[in-house]
Amino acid sequence: MSKKDYKQATKLMHAGRHPEDYFGVVNPPISRVSTILYKDLAAYMDPNTKFRYGRVGNPLSANFEEALAELENGHNAVSTCSGMAAITTAMFSFLKSGDHVLITDACYPPTRFFARKQLAKMGVEVQFYEPTIGAGIAELVKDNTALIYLESPGSATMEVQDVPAIVKVAKDKDIITMMDNTWSAGVNFKPLDHGVDVVLQSGAKYIGGHSDTNFGVIVAKTPEHYKKLKSTSIDLGQCAAAEDLYLALRGLRTLEMRLKYAAENMRPVLDWFCGRDEVQEIYCPVLESHETHDLWKRDYTGSNGVFSVLFKPEYSFEQIAKFVDSLELIPVGSSWGGYESLIQPQDMKAYRDDWQKDGVFLRFQIGFEDPADLIADLEQGIENLK
Ligand SMILES: *Cc1c(COP(=O)(O)O)cnc(C)c1O
């Protein structure tokens, strides 16, 4: 049986692990590396020398990159200090002054702010497109369009993009496609298998999984694209910290089961919100009522523990705050993908070009608490809206 034939769960137990390199140690140990010593000058000068300087590459970063390239079915990976660094490094690798870039309007908000500030300053023309545009993106393509940036499902509103349709347009016109795949963690969707050129993730979410890591990764499908990414990451001084790389690799072993468990735990809480009168709209592609549910069903093998709720406009921010602050089990905090439930308010008018809806918008991340306890907590808290 070739290694490629194993199922994903099996692969995830072995990816990036080389006990033979570490005296049989199961998990690749934390190696803190800046300087690397050579046996002589010739070894230092040898272009095939594997590791030269810790920031540029070391045994642990190589183990991590090998594992992530395997997870995303890519050629090779570049590790970065955060998800945001993965996004900026990947964009800088393929954009230059005078280029036009198309970015999904439902992108992670800091991606939008980066594009508006840094890319615009560089002389890149930035245009945001409707996440549900699909093949219609052809109409937005210009002669100088260099990159189409996808994020699926979209941040907060969770539109699943028609990745194959967008990729087809891009391939016809020789445009690079890049996708933020943090939501699926590389487990439930493989963008590179659908023709996307470059995929990236924030590892702070499900890969890390315990709200205590900051790292990111970029995976390229081809050696040419990998070379560009690696060279840019060196120019920008990118590297991930040793402890975070260690936790990333450890996180991979339980990644698929945590995603499944999170999705299962979320469902009763999601259903509870669906039955509530205070709610204007719920955003989660697993719901049949979600506008892109069919695309999620077609392309994804699972979900996670994240959904968003837009409350009816008659509930003021102060009322919603009373509800949120009365919860014992779901605190307010940024991020998702950890073991604990969280609420994060979303300023949709700042995050989308054309957000017309009124009402407080909250994103929920459901962790591994018993959902019955979470629902009981929500039941008592929602009394504050009466
Ligand atoms: C959190 C997040 C990022 C940014 O990652 P950091 O590790 O926090 O820099 C990027 N994309 C998505 C979808 C995210 O949720």
# chains A, B, ... in the order shown; residues from 1 in each chain; ligands from 1
call {"tool": "closest_atom_pairs", "arguments": {"of": "chain A", "to": "ligand 1", "cutoff": "9 Å", "atoms": "only C-alpha atoms and all ligand atoms", "output": "tab-separated table"}}
result
residue	atom	partner	partner_atom_place_in_ligand_line	distance
A:Cys81	CA	ligand 1	7 (O)	7.7
A:Ser82	CA	ligand 1	7 (O)	4.0
A:Gly83	CA	ligand 1	5 (O)	3.4
A:Met84	CA	ligand 1	9 (O)	3.7
A:Ala85	CA	ligand 1	9 (O)	6.3
A:Ala86	CA	ligand 1	9 (O)	7.8
A:Ile87	CA	ligand 1	10 (C)	7.2
A:Cys107	CA	ligand 1	13 (C)	7.2
A:Tyr108	CA	ligand 1	13 (C)	5.2
A:Pro109	CA	ligand 1	11 (N)	8.5
A:Pro110	CA	ligand 1	4 (C)	7.6
A:Thr111	CA	ligand 1	10 (C)	7.4
A:Glu151	CA	ligand 1	13 (C)	7.0
A:Ser152	CA	ligand 1	13 (C)	8.3
A:Pro153	CA	ligand 1	13 (C)	8.5
A:Gly154	CA	ligand 1	13 (C)	7.7
A:Ser155	CA	ligand 1	13 (C)	6.2
A:Asp180	CA	ligand 1	11 (N)	6.1
A:Asn181	CA	ligand 1	13 (C)	6.9
A:Thr182	CA	ligand 1	13 (C)	5.0
A:Trp183	CA	ligand 1	13 (C)	6.1
A:Leu200	CA	ligand 1	11 (N)	8.3
A:Gln201	CA	ligand 1	11 (N)	6.4
A:Ser202	CA	ligand 1	5 (O)	4.2
A:Gly203	CA	ligand 1	7 (O)	5.9
A:Ala204	CA	ligand 1	7 (O)	4.9
A:Lys205	CA	ligand 1	1 (C)	6.5
A:Thr213	CA	ligand 1	7 (O)	8.2
A:Asn214	CA	ligand 1	7 (O)	5.3
A:Phe215	CA	ligand 1	7 (O)	5.6
A:Gly216	CA	ligand 1	7 (O)	5.9
A:Ser334	CA	ligand 1	1 (C)	8.5
A:Ser335	CA	ligand 1	1 (C)	5.9
A:Trp336	CA	ligand 1	15 (O)	7.2
A:Gly337	CA	ligand 1	15 (O)	8.8
call {"tool": "residues_around", "arguments": {"residues": "range 62-71 of chain A", "least_positions_apart": "4", "cutoff": "6 Å", "atoms": "only C-alpha atoms", "output": "VMD selection string"}}
result
chain A and resid 15 to 16 76 to 77 219
call {"tool": "write_last_selection", "arguments": {"atoms": "C-alpha atoms", "output": "short mmCIF file (atom, residue, chain, number, x, y, z; two decimals), in the first residue's frame"}}
result
data_model
loop_
_atom_site.label_atom_id
_atom_site.label_comp_id
_atom_site.auth_asym_id
_atom_site.auth_seq_id
_atom_site.Cartn_x
_atom_site.Cartn_y
_atom_site.Cartn_z
CA ALA A 15 2.31 13.35 8.95
CA GLY A 16 5.61 15.12 9.62
CA ASN A 76 5.46 22.08 -0.04
CA ALA A 77 4.60 24.56 2.70
CA VAL A 219 0.90 25.59 0.93
#
call {"tool": "residues_around", "arguments": {"residues": "Gly237 in chain A", "least_positions_apart": "5", "cutoff": "10 Å", "atoms": "only C-alpha atoms", "output": "MDAnalysis selection string"}}
result
chainID A and resid 55:56 80:81 89 231:232
call {"tool": "select_by_dssp", "arguments": {"residues": "range 18-264 of chain A", "states": "alpha helix (DSSP H)", "output": "JSON, numbers by chain"}}
result
{"A": [41, 42, 43, 44, 45, 59, 60, 61, 62, 63, 64, 65, 66, 67, 68, 69, 70, 71, 83, 84, 85, 86, 87, 88, 89, 90, 91, 92, 93, 94, 109, 110, 111, 112, 113, 114, 120, 121, 163, 164, 165, 166, 167, 168, 169, 170, 171, 172, 223, 224, 225, 226, 227, 228, 229, 230, 231, 232, 233, 234, 235, 242, 243, 244, 245, 246, 247, 248, 249, 250, 251, 252, 253, 254, 255, 256, 257, 258, 259, 260, 261, 262, 263, 264]}
call {"tool": "residues_around", "arguments": {"residues": "Leu150 in chain A", "least_positions_apart": "2", "cutoff": "7 Å", "atoms": "only C-alpha atoms", "output": "PyMOL selection string"}}
result
chain A and resi 103-104+148+152+178-180
call {"tool": "write_last_selection", "arguments": {"atoms": "N, CA, C and O atoms", "output": "PDB file, in the first residue's frame"}}
result
ATOM      1  N   ILE A 103     -10.692  40.350  -4.306  1.00  0.00           N
ATOM      2  CA  ILE A 103     -10.738  39.734  -2.971  1.00  0.00           C
ATOM      3  C   ILE A 103     -12.195  39.562  -2.559  1.00  0.00           C
ATOM      4  O   ILE A 103     -13.000  40.490  -2.710  1.00  0.00           O
ATOM      5  N   THR A 104     -12.524  38.393  -2.017  1.00  0.00           N
ATOM      6  CA  THR A 104     -13.909  38.183  -1.580  1.00  0.00           C
ATOM      7  C   THR A 104     -14.304  39.219  -0.521  1.00  0.00           C
ATOM      8  O   THR A 104     -13.537  39.493   0.417  1.00  0.00           O
ATOM      9  N   ILE A 148      -6.837  36.210  -7.770  1.00  0.00           N
ATOM     10  CA  ILE A 148      -8.184  36.124  -7.190  1.00  0.00           C
ATOM     11  C   ILE A 148      -8.037  35.462  -5.830  1.00  0.00           C
ATOM     12  O   ILE A 148      -7.489  34.365  -5.720  1.00  0.00           O
ATOM     13  N   SER A 152     -13.381  30.661   1.999  1.00  0.00           N
ATOM     14  CA  SER A 152     -14.636  29.922   2.000  1.00  0.00           C
ATOM     15  C   SER A 152     -14.657  28.953   3.165  1.00  0.00           C
ATOM     16  O   SER A 152     -13.681  28.254   3.391  1.00  0.00           O
ATOM     17  N   MET A 178      -5.847  32.019  -4.793  1.00  0.00           N
ATOM     18  CA  MET A 178      -5.323  31.824  -3.439  1.00  0.00           C
ATOM     19  C   MET A 178      -6.520  31.710  -2.511  1.00  0.00           C
ATOM     20  O   MET A 178      -7.491  32.444  -2.690  1.00  0.00           O
ATOM     21  N   MET A 179      -6.473  30.803  -1.546  1.00  0.00           N
ATOM     22  CA  MET A 179      -7.650  30.640  -0.679  1.00  0.00           C
ATOM     23  C   MET A 179      -7.273  30.515   0.794  1.00  0.00           C
ATOM     24  O   MET A 179      -6.365  29.766   1.152  1.00  0.00           O
ATOM     25  N   ASP A 180      -7.995  31.233   1.617  1.00  0.00           N
ATOM     26  CA  ASP A 180      -7.916  31.080   3.068  1.00  0.00           C
ATOM     27  C   ASP A 180      -8.794  29.880   3.436  1.00  0.00           C
ATOM     28  O   ASP A 180     -10.015  29.920   3.282  1.00  0.00           O
TER      29      ASP A 180
END
call {"tool": "select_by_dssp", "arguments": {"residues": "range 171-356 of chain A", "states": "strand (DSSP E)", "output": "JSON, numbers by chain"}}
result
{"A": [176, 177, 178, 179, 180, 198, 199, 200, 201, 202, 216, 217, 218, 219, 220, 279, 280, 281, 282, 283, 306, 307, 308, 309, 310, 311, 342, 343, 344, 345]}
call {"tool": "atom_distance", "arguments": {"atom1": "CA of Asp373 in chain A", "atom2": "CA of Thr254 in chain A"}}
result
24.1 Å
call {"tool": "closest_residue", "arguments": {"among": "A:Ile234, A:Ala120, A:Leu310, A:Val324", "to": "Asp358 in chain A", "atoms": "only C-alpha atoms"}}
result
A:Leu310
call {"tool": "residues_around", "arguments": {"residues": "Pro268 in chain A", "least_positions_apart": "5", "cutoff": "12 Å", "atoms": "only C-alpha atoms", "output": "PyMOL selection string"}}
result
chain A and resi 262-263+273-275+305+366+370-376+378
call {"tool": "residues_around", "arguments": {"residues": "Tyr38 in chain A", "least_positions_apart": "6", "cutoff": "10 Å", "atoms": "only C-alpha atoms", "output": "mmCIF file with N, CA, C and O atoms, in the first residue's frame"}}
result
data_model
loop_
_atom_site.group_PDB
_atom_site.id
_atom_site.type_symbol
_atom_site.label_atom_id
_atom_site.label_comp_id
_atom_site.auth_asym_id
_atom_site.auth_seq_id
_atom_site.Cartn_x
_atom_site.Cartn_y
_atom_site.Cartn_z
ATOM 1 N N TYR A 44 29.383 24.436 4.548
ATOM 2 C CA TYR A 44 28.633 25.698 4.643
ATOM 3 C C TYR A 44 28.271 26.226 3.255
ATOM 4 O O TYR A 44 27.167 26.720 3.030
ATOM 5 N N MET A 45 29.220 26.093 2.312
ATOM 6 C CA MET A 45 29.015 26.640 0.966
ATOM 7 C C MET A 45 28.135 25.736 0.097
ATOM 8 O O MET A 45 27.611 26.184 -0.913
ATOM 9 N N THR A 49 22.978 21.989 1.238
ATOM 10 C CA THR A 49 22.877 21.907 2.707
ATOM 11 C C THR A 49 21.437 22.188 3.130
ATOM 12 O O THR A 49 20.834 23.164 2.689
ATOM 13 N N PHE A 51 19.763 22.718 6.197
ATOM 14 C CA PHE A 51 19.418 23.817 7.102
ATOM 15 C C PHE A 51 20.619 24.744 7.266
ATOM 16 O O PHE A 51 21.737 24.299 7.496
ATOM 17 N N ARG A 52 20.400 26.042 7.155
ATOM 18 C CA ARG A 52 21.467 27.037 7.194
ATOM 19 C C ARG A 52 21.366 27.957 8.403
ATOM 20 O O ARG A 52 22.344 28.363 9.005
#
